[in-house]
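Have a look at protein19.txt below; it lists compact mmCIF, N, CA and C atoms and all ligand atoms.
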```
# COMPACT_ATOMS: atom_id res chain seq x y z
N MET O 1 0.84 -1.20 0.00
CA MET O 1 0.00 0.00 0.00
C MET O 1 0.87 1.25 0.00
N LYS O 2 1.94 1.21 0.79
CA LYS O 2 2.89 2.33 0.81
C LYS O 2 3.54 2.50 -0.56
N ASN O 3 3.90 1.38 -1.18
CA ASN O 3 4.63 1.46 -2.44
C ASN O 3 3.70 1.53 -3.65
N SER O 4 2.59 0.84 -3.58
CA SER O 4 1.70 0.77 -4.74
C SER O 4 0.67 1.90 -4.74
N GLY O 5 0.35 2.43 -3.56
CA GLY O 5 -0.72 3.41 -3.47
C GLY O 5 -2.09 2.81 -3.65
N ILE O 6 -2.14 1.47 -3.62
CA ILE O 6 -3.40 0.76 -3.81
C ILE O 6 -3.68 -0.10 -2.57
N CYS O 7 -4.91 -0.05 -2.10
CA CYS O 7 -5.29 -0.88 -0.96
C CYS O 7 -5.39 -2.34 -1.41
N PRO O 8 -4.68 -3.26 -0.73
CA PRO O 8 -4.71 -4.68 -1.13
C PRO O 8 -6.04 -5.36 -0.80
N LYS O 9 -6.85 -4.73 0.01
CA LYS O 9 -8.12 -5.33 0.42
C LYS O 9 -9.27 -4.97 -0.51
N CYS O 10 -9.32 -3.69 -0.91
CA CYS O 10 -10.48 -3.27 -1.69
C CYS O 10 -10.10 -2.65 -3.03
N GLY O 11 -8.80 -2.41 -3.27
CA GLY O 11 -8.37 -1.89 -4.56
C GLY O 11 -8.45 -0.39 -4.68
N SER O 12 -8.86 0.30 -3.64
CA SER O 12 -8.97 1.75 -3.70
C SER O 12 -7.58 2.40 -3.76
N ASN O 13 -7.49 3.55 -4.42
CA ASN O 13 -6.23 4.29 -4.41
C ASN O 13 -6.32 5.54 -3.54
N ASP O 14 -7.32 5.58 -2.68
CA ASP O 14 -7.49 6.71 -1.78
C ASP O 14 -6.81 6.37 -0.45
N ILE O 15 -5.50 6.63 -0.41
CA ILE O 15 -4.67 6.24 0.73
C ILE O 15 -4.13 7.49 1.41
N MET O 16 -4.15 7.51 2.72
CA MET O 16 -3.56 8.62 3.45
C MET O 16 -2.53 8.08 4.43
N ARG O 17 -1.55 8.93 4.77
CA ARG O 17 -0.49 8.55 5.70
C ARG O 17 -0.60 9.38 6.97
N VAL O 18 -0.42 8.71 8.11
CA VAL O 18 -0.29 9.41 9.39
C VAL O 18 1.08 9.06 9.94
N ASP O 19 1.90 10.10 10.12
CA ASP O 19 3.26 9.86 10.61
C ASP O 19 3.25 9.37 12.05
N GLY O 20 4.19 8.49 12.34
CA GLY O 20 4.40 8.07 13.72
C GLY O 20 4.85 9.24 14.56
N HIS O 21 4.83 9.03 15.85
CA HIS O 21 5.11 10.11 16.78
C HIS O 21 5.74 9.51 18.03
N ALA O 22 6.73 10.19 18.56
CA ALA O 22 7.37 9.73 19.80
C ALA O 22 7.20 10.81 20.85
N GLY O 23 6.31 10.59 21.78
CA GLY O 23 6.05 11.56 22.83
C GLY O 23 6.58 11.10 24.18
N ALA O 24 6.27 11.85 25.20
CA ALA O 24 6.73 11.54 26.54
C ALA O 24 6.26 10.16 26.99
N TYR O 25 7.10 9.47 27.71
CA TYR O 25 6.80 8.16 28.28
C TYR O 25 6.44 7.14 27.20
N GLY O 26 6.98 7.33 26.01
CA GLY O 26 6.76 6.34 24.96
C GLY O 26 5.42 6.44 24.27
N SER O 27 4.68 7.53 24.52
CA SER O 27 3.38 7.67 23.87
C SER O 27 3.55 7.87 22.37
N GLY O 28 2.48 7.62 21.64
CA GLY O 28 2.53 7.74 20.19
C GLY O 28 2.80 6.40 19.55
N ASN O 29 2.70 6.38 18.23
CA ASN O 29 2.91 5.13 17.52
C ASN O 29 4.39 5.00 17.20
N ASN O 30 5.09 4.24 18.04
CA ASN O 30 6.53 4.11 17.87
C ASN O 30 7.00 2.83 18.54
N ILE O 31 8.26 2.51 18.31
CA ILE O 31 8.90 1.38 18.99
C ILE O 31 10.02 1.96 19.84
N MET O 32 9.95 1.75 21.12
CA MET O 32 10.98 2.27 22.02
C MET O 32 12.15 1.30 22.07
N LEU O 33 13.32 1.74 21.60
CA LEU O 33 14.49 0.87 21.61
C LEU O 33 15.34 1.10 22.85
N GLY O 34 15.18 2.25 23.47
CA GLY O 34 15.94 2.55 24.69
C GLY O 34 15.04 3.21 25.71
N MET O 35 15.63 3.97 26.58
CA MET O 35 14.89 4.54 27.70
C MET O 35 14.28 5.90 27.37
N THR O 36 14.74 6.55 26.32
CA THR O 36 14.25 7.90 26.04
C THR O 36 13.59 7.97 24.66
N ILE O 37 12.88 9.06 24.42
CA ILE O 37 12.21 9.21 23.13
C ILE O 37 13.21 9.36 22.00
N PHE O 38 14.47 9.68 22.34
CA PHE O 38 15.47 9.84 21.29
C PHE O 38 15.83 8.51 20.65
N SER O 39 15.51 7.43 21.34
CA SER O 39 15.79 6.10 20.80
C SER O 39 14.53 5.45 20.24
N ALA O 40 13.47 6.24 20.11
CA ALA O 40 12.23 5.69 19.58
C ALA O 40 12.24 5.72 18.06
N VAL O 41 11.78 4.64 17.47
CA VAL O 41 11.61 4.58 16.02
C VAL O 41 10.13 4.77 15.72
N LYS O 42 9.85 5.74 14.87
CA LYS O 42 8.45 6.05 14.57
C LYS O 42 7.84 5.04 13.60
N VAL O 43 6.61 4.68 13.88
CA VAL O 43 5.88 3.75 13.04
C VAL O 43 4.79 4.54 12.31
N ASN O 44 4.92 4.61 11.00
CA ASN O 44 3.99 5.40 10.19
C ASN O 44 2.87 4.51 9.67
N ARG O 45 1.68 5.08 9.61
CA ARG O 45 0.53 4.29 9.19
C ARG O 45 -0.02 4.78 7.86
N TYR O 46 -0.40 3.83 7.04
CA TYR O 46 -1.06 4.11 5.76
C TYR O 46 -2.48 3.57 5.87
N ILE O 47 -3.42 4.44 5.64
CA ILE O 47 -4.82 4.08 5.87
C ILE O 47 -5.61 4.19 4.57
N CYS O 48 -6.35 3.14 4.25
CA CYS O 48 -7.26 3.19 3.11
C CYS O 48 -8.49 3.97 3.52
N MET O 49 -8.79 5.03 2.78
CA MET O 49 -9.93 5.87 3.13
C MET O 49 -11.24 5.29 2.63
N ASN O 50 -11.16 4.18 1.91
CA ASN O 50 -12.38 3.54 1.43
C ASN O 50 -12.87 2.46 2.39
N CYS O 51 -11.94 1.61 2.87
CA CYS O 51 -12.38 0.50 3.72
C CYS O 51 -11.78 0.54 5.12
N GLY O 52 -10.78 1.40 5.35
CA GLY O 52 -10.22 1.52 6.69
C GLY O 52 -9.06 0.60 6.97
N PHE O 53 -8.67 -0.21 5.98
CA PHE O 53 -7.51 -1.08 6.18
C PHE O 53 -6.28 -0.23 6.47
N THR O 54 -5.43 -0.70 7.39
CA THR O 54 -4.27 0.07 7.82
C THR O 54 -3.01 -0.78 7.74
N GLU O 55 -1.94 -0.17 7.21
CA GLU O 55 -0.63 -0.80 7.23
C GLU O 55 0.31 0.06 8.05
N GLU O 56 1.27 -0.58 8.68
CA GLU O 56 2.27 0.15 9.45
C GLU O 56 3.65 -0.09 8.84
N TRP O 57 4.39 1.02 8.66
CA TRP O 57 5.73 0.94 8.06
C TRP O 57 6.70 1.81 8.86
N ILE O 58 7.91 1.33 8.96
CA ILE O 58 9.00 2.12 9.51
C ILE O 58 9.83 2.63 8.34
N ASP O 59 10.19 3.91 8.39
CA ASP O 59 10.97 4.48 7.29
C ASP O 59 12.32 3.76 7.16
N ARG O 60 12.80 3.65 5.92
CA ARG O 60 14.04 2.92 5.65
C ARG O 60 15.21 3.42 6.48
N GLU O 61 15.29 4.74 6.66
CA GLU O 61 16.44 5.29 7.38
C GLU O 61 16.45 4.90 8.85
N ASP O 62 15.32 4.39 9.33
CA ASP O 62 15.25 3.95 10.73
C ASP O 62 15.50 2.46 10.91
N LEU O 63 15.57 1.73 9.81
CA LEU O 63 15.69 0.27 9.93
C LEU O 63 17.01 -0.14 10.57
N GLY O 64 18.06 0.65 10.34
CA GLY O 64 19.35 0.34 10.95
C GLY O 64 19.30 0.35 12.47
N LYS O 65 18.44 1.21 13.01
CA LYS O 65 18.30 1.28 14.47
C LYS O 65 17.69 0.00 15.02
N ILE O 66 16.78 -0.57 14.22
CA ILE O 66 16.17 -1.84 14.63
C ILE O 66 17.21 -2.96 14.58
N ARG O 67 17.99 -2.95 13.49
CA ARG O 67 18.98 -4.00 13.27
C ARG O 67 19.98 -4.08 14.42
N THR O 68 20.37 -2.94 14.94
CA THR O 68 21.42 -2.93 15.96
C THR O 68 20.84 -2.91 17.37
N SER O 69 19.54 -2.96 17.50
CA SER O 69 18.94 -2.88 18.82
C SER O 69 18.98 -4.23 19.54
N SER O 70 19.24 -4.18 20.84
CA SER O 70 19.23 -5.41 21.64
C SER O 70 17.80 -5.90 21.87
N LYS O 71 16.83 -5.05 21.57
CA LYS O 71 15.43 -5.44 21.77
C LYS O 71 14.87 -6.22 20.59
N ALA O 72 15.55 -6.13 19.45
CA ALA O 72 15.06 -6.80 18.25
C ALA O 72 15.88 -8.07 18.02
N TYR O 73 15.23 -9.09 17.48
CA TYR O 73 15.93 -10.33 17.18
C TYR O 73 15.40 -10.91 15.88
N GLU O 74 16.27 -11.65 15.23
CA GLU O 74 15.87 -12.23 13.96
C GLU O 74 14.97 -13.43 14.19
N VAL O 75 14.01 -13.61 13.29
CA VAL O 75 13.09 -14.75 13.41
C VAL O 75 13.19 -15.65 12.19
ZN ZN O 101 -9.33 -0.50 1.20
```
Take the structure from the file and write it as structure tokens.
Ligand SMILES: [Zn+2]
Amino acid sequence: MKNSGICPKCGSNDIMRVDGHAGAYGSGNNIMLGMTIFSAVKVNRYICMNCGFTEEWIDREDLGKIRTSSKAYEV
């Protein structure tokens, strides 16, 4: 949906993005990798305005933080 601009559920191209946010005490849509908001990786959401389907994506430039985090592990 992020890349195609098309909802995989209903085929609509009416997609909107809501940026992730890192607020106090870990509030907002993010992944806390450390103790402070400076180590939070924001999780951005893509929402289909036709059916409400939602996808969550982390920006590419933040993926390195996940890779090196002790909180993340390979599956
Ligand atoms: Zn849809």
**OP:** Kindly work out which residues sit at most 6 Å from ligand ZN 101 (chain O), using all atoms listed in the file, and give the list as a PyMOL selection string.
**Re:** chain O and resi 7-12+48-53
**OP:** Select, from O:Asp62, O:Arg67, O:Gly20, O:Tyr25, the residue with the minimum atom-to-atom distance to Val43 in chain O, counting only C-alpha atoms.
**Re:** O:Gly20
**OP:** Just the residues within 9 Å of Lys2 in chain O, please, counting only C-alpha atoms, with nothing from its chain fewer than 6 positions along; format it as a VMD selection string.
**Re:** chain O and resid 15 17 45 to 46 55 to 57
**OP:** Going by DSSP on the backbone, which bits of chain O are helix (DSSP H, G or I)? Write them as a ChimeraX atom specification, please.
**Re:** /O:24-26,37-39,60-67
Take every atom of range 45-49 of chain O listed in the file, fit an axis-aligned box around them, add 6 Å per side, and give the centre and edge lengths in Å to one decimal as JSON.
```
{"center_x": -4.8, "center_y": 4.5, "center_z": 6.1, "size_x": 24.9, "size_y": 14.7, "size_z": 19.0}
```
Original post:
By how many Å are CA of Lys65 in chain O and CA of Gly26 in chain O apart?
Top reply: 16.4 Å
Who sits within 6.5 Å of Ala22 in chain O, only N, CA and C atoms, same chain under 5 positions skipped, as a tab-separated table (two decimals) with N, CA and C atoms, in the frame of the given file:
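Saved as around.tsv:
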```
chain	number	residue	atom	x	y	z
O	27	SER	N	4.68	7.53	24.52
O	27	SER	CA	3.38	7.67	23.87
O	27	SER	C	3.55	7.87	22.37
O	28	GLY	N	2.48	7.62	21.64
O	28	GLY	CA	2.53	7.74	20.19
O	28	GLY	C	2.80	6.40	19.55
O	29	ASN	N	2.70	6.38	18.23
O	29	ASN	CA	2.91	5.13	17.52
O	29	ASN	C	4.39	5.00	17.20
O	30	ASN	N	5.09	4.24	18.04
O	30	ASN	CA	6.53	4.11	17.87
O	30	ASN	C	7.00	2.83	18.54
O	37	ILE	N	12.88	9.06	24.42
O	37	ILE	CA	12.21	9.21	23.13
O	37	ILE	C	13.21	9.36	22.00
O	40	ALA	N	13.47	6.24	20.11
O	40	ALA	CA	12.23	5.69	19.58
O	40	ALA	C	12.24	5.72	18.06
O	42	LYS	N	9.85	5.74	14.87
O	42	LYS	CA	8.45	6.05	14.57
O	42	LYS	C	7.84	5.04	13.60
```
Original post:
So how many Å separate CA of Met32 in chain O and CA of Val75 in chain O, to one decimal?
Top reply: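 Going from CA of Met32 in chain O over to CA of Val75 in chain O covers 19.2 Å.
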Subject >> Among the residues O:Tyr73, O:Val41, O:Gly34, O:Ile47, the one that comes closest to Met16 in chain O [using only N, CA and C atoms] >> reply: O:Ile47
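Between atom C of Asn3 in chain O and CA of Ile31 in chain O the separation is 23.2 Å.
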Please extract chain O and write it out with C-alpha atoms, as a PDB file, in the first residue's frame.
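Here's the written file selection-v8.pdb:
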```
ATOM      1  CA  MET O   1       0.000   0.000   0.000  1.00  0.00           C
ATOM      2  CA  LYS O   2       2.888   2.331   0.810  1.00  0.00           C
ATOM      3  CA  ASN O   3       4.626   1.458  -2.438  1.00  0.00           C
ATOM      4  CA  SER O   4       1.699   0.773  -4.737  1.00  0.00           C
ATOM      5  CA  GLY O   5      -0.718   3.413  -3.470  1.00  0.00           C
ATOM      6  CA  ILE O   6      -3.400   0.757  -3.808  1.00  0.00           C
ATOM      7  CA  CYS O   7      -5.289  -0.881  -0.961  1.00  0.00           C
ATOM      8  CA  PRO O   8      -4.714  -4.680  -1.131  1.00  0.00           C
ATOM      9  CA  LYS O   9      -8.119  -5.329   0.424  1.00  0.00           C
ATOM     10  CA  CYS O  10     -10.484  -3.268  -1.694  1.00  0.00           C
ATOM     11  CA  GLY O  11      -8.367  -1.895  -4.558  1.00  0.00           C
ATOM     12  CA  SER O  12      -8.971   1.755  -3.703  1.00  0.00           C
ATOM     13  CA  ASN O  13      -6.228   4.290  -4.412  1.00  0.00           C
ATOM     14  CA  ASP O  14      -7.495   6.710  -1.779  1.00  0.00           C
ATOM     15  CA  ILE O  15      -4.671   6.238   0.729  1.00  0.00           C
ATOM     16  CA  MET O  16      -3.562   8.618   3.452  1.00  0.00           C
ATOM     17  CA  ARG O  17      -0.493   8.548   5.696  1.00  0.00           C
ATOM     18  CA  VAL O  18      -0.295   9.410   9.388  1.00  0.00           C
ATOM     19  CA  ASP O  19       3.259   9.863  10.612  1.00  0.00           C
ATOM     20  CA  GLY O  20       4.399   8.068  13.717  1.00  0.00           C
ATOM     21  CA  HIS O  21       5.112  10.108  16.779  1.00  0.00           C
ATOM     22  CA  ALA O  22       7.369   9.734  19.795  1.00  0.00           C
ATOM     23  CA  GLY O  23       6.048  11.564  22.829  1.00  0.00           C
ATOM     24  CA  ALA O  24       6.730  11.540  26.544  1.00  0.00           C
ATOM     25  CA  TYR O  25       6.802   8.157  28.282  1.00  0.00           C
ATOM     26  CA  GLY O  26       6.762   6.341  24.959  1.00  0.00           C
ATOM     27  CA  SER O  27       3.377   7.668  23.875  1.00  0.00           C
ATOM     28  CA  GLY O  28       2.528   7.740  20.192  1.00  0.00           C
ATOM     29  CA  ASN O  29       2.913   5.134  17.518  1.00  0.00           C
ATOM     30  CA  ASN O  30       6.531   4.111  17.866  1.00  0.00           C
ATOM     31  CA  ILE O  31       8.901   1.382  18.991  1.00  0.00           C
ATOM     32  CA  MET O  32      10.979   2.270  22.022  1.00  0.00           C
ATOM     33  CA  LEU O  33      14.491   0.866  21.609  1.00  0.00           C
ATOM     34  CA  GLY O  34      15.941   2.553  24.685  1.00  0.00           C
ATOM     35  CA  MET O  35      14.886   4.543  27.700  1.00  0.00           C
ATOM     36  CA  THR O  36      14.247   7.898  26.039  1.00  0.00           C
ATOM     37  CA  ILE O  37      12.210   9.206  23.131  1.00  0.00           C
ATOM     38  CA  PHE O  38      15.475   9.842  21.290  1.00  0.00           C
ATOM     39  CA  SER O  39      15.789   6.095  20.798  1.00  0.00           C
ATOM     40  CA  ALA O  40      12.227   5.691  19.585  1.00  0.00           C
ATOM     41  CA  VAL O  41      11.610   4.576  16.023  1.00  0.00           C
ATOM     42  CA  LYS O  42       8.448   6.049  14.571  1.00  0.00           C
ATOM     43  CA  VAL O  43       5.879   3.747  13.036  1.00  0.00           C
ATOM     44  CA  ASN O  44       3.987   5.395  10.191  1.00  0.00           C
ATOM     45  CA  ARG O  45       0.528   4.291   9.190  1.00  0.00           C
ATOM     46  CA  TYR O  46      -1.059   4.110   5.757  1.00  0.00           C
ATOM     47  CA  ILE O  47      -4.825   4.082   5.874  1.00  0.00           C
ATOM     48  CA  CYS O  48      -7.257   3.191   3.113  1.00  0.00           C
ATOM     49  CA  MET O  49      -9.933   5.871   3.128  1.00  0.00           C
ATOM     50  CA  ASN O  50     -12.378   3.544   1.430  1.00  0.00           C
ATOM     51  CA  CYS O  51     -12.376   0.501   3.716  1.00  0.00           C
ATOM     52  CA  GLY O  52     -10.221   1.525   6.688  1.00  0.00           C
ATOM     53  CA  PHE O  53      -7.513  -1.080   6.182  1.00  0.00           C
ATOM     54  CA  THR O  54      -4.270   0.068   7.817  1.00  0.00           C
ATOM     55  CA  GLU O  55      -0.632  -0.803   7.231  1.00  0.00           C
ATOM     56  CA  GLU O  56       2.271   0.150   9.452  1.00  0.00           C
ATOM     57  CA  TRP O  57       5.728   0.945   8.056  1.00  0.00           C
ATOM     58  CA  ILE O  58       9.004   2.119   9.513  1.00  0.00           C
ATOM     59  CA  ASP O  59      10.972   4.478   7.294  1.00  0.00           C
ATOM     60  CA  ARG O  60      14.038   2.924   5.649  1.00  0.00           C
ATOM     61  CA  GLU O  61      16.439   5.291   7.376  1.00  0.00           C
ATOM     62  CA  ASP O  62      15.251   3.954  10.730  1.00  0.00           C
ATOM     63  CA  LEU O  63      15.685   0.275   9.930  1.00  0.00           C
ATOM     64  CA  GLY O  64      19.354   0.340  10.945  1.00  0.00           C
ATOM     65  CA  LYS O  65      18.305   1.277  14.469  1.00  0.00           C
ATOM     66  CA  ILE O  66      16.171  -1.841  14.631  1.00  0.00           C
ATOM     67  CA  ARG O  67      18.980  -4.004  13.275  1.00  0.00           C
ATOM     68  CA  THR O  68      21.417  -2.925  15.964  1.00  0.00           C
ATOM     69  CA  SER O  69      18.940  -2.882  18.825  1.00  0.00           C
ATOM     70  CA  SER O  70      19.227  -5.407  21.636  1.00  0.00           C
ATOM     71  CA  LYS O  71      15.426  -5.443  21.769  1.00  0.00           C
ATOM     72  CA  ALA O  72      15.064  -6.802  18.254  1.00  0.00           C
ATOM     73  CA  TYR O  73      15.932 -10.328  17.180  1.00  0.00           C
ATOM     74  CA  GLU O  74      15.865 -12.231  13.957  1.00  0.00           C
ATOM     75  CA  VAL O  75      13.095 -14.750  13.407  1.00  0.00           C
TER      76      VAL O  75
END
```
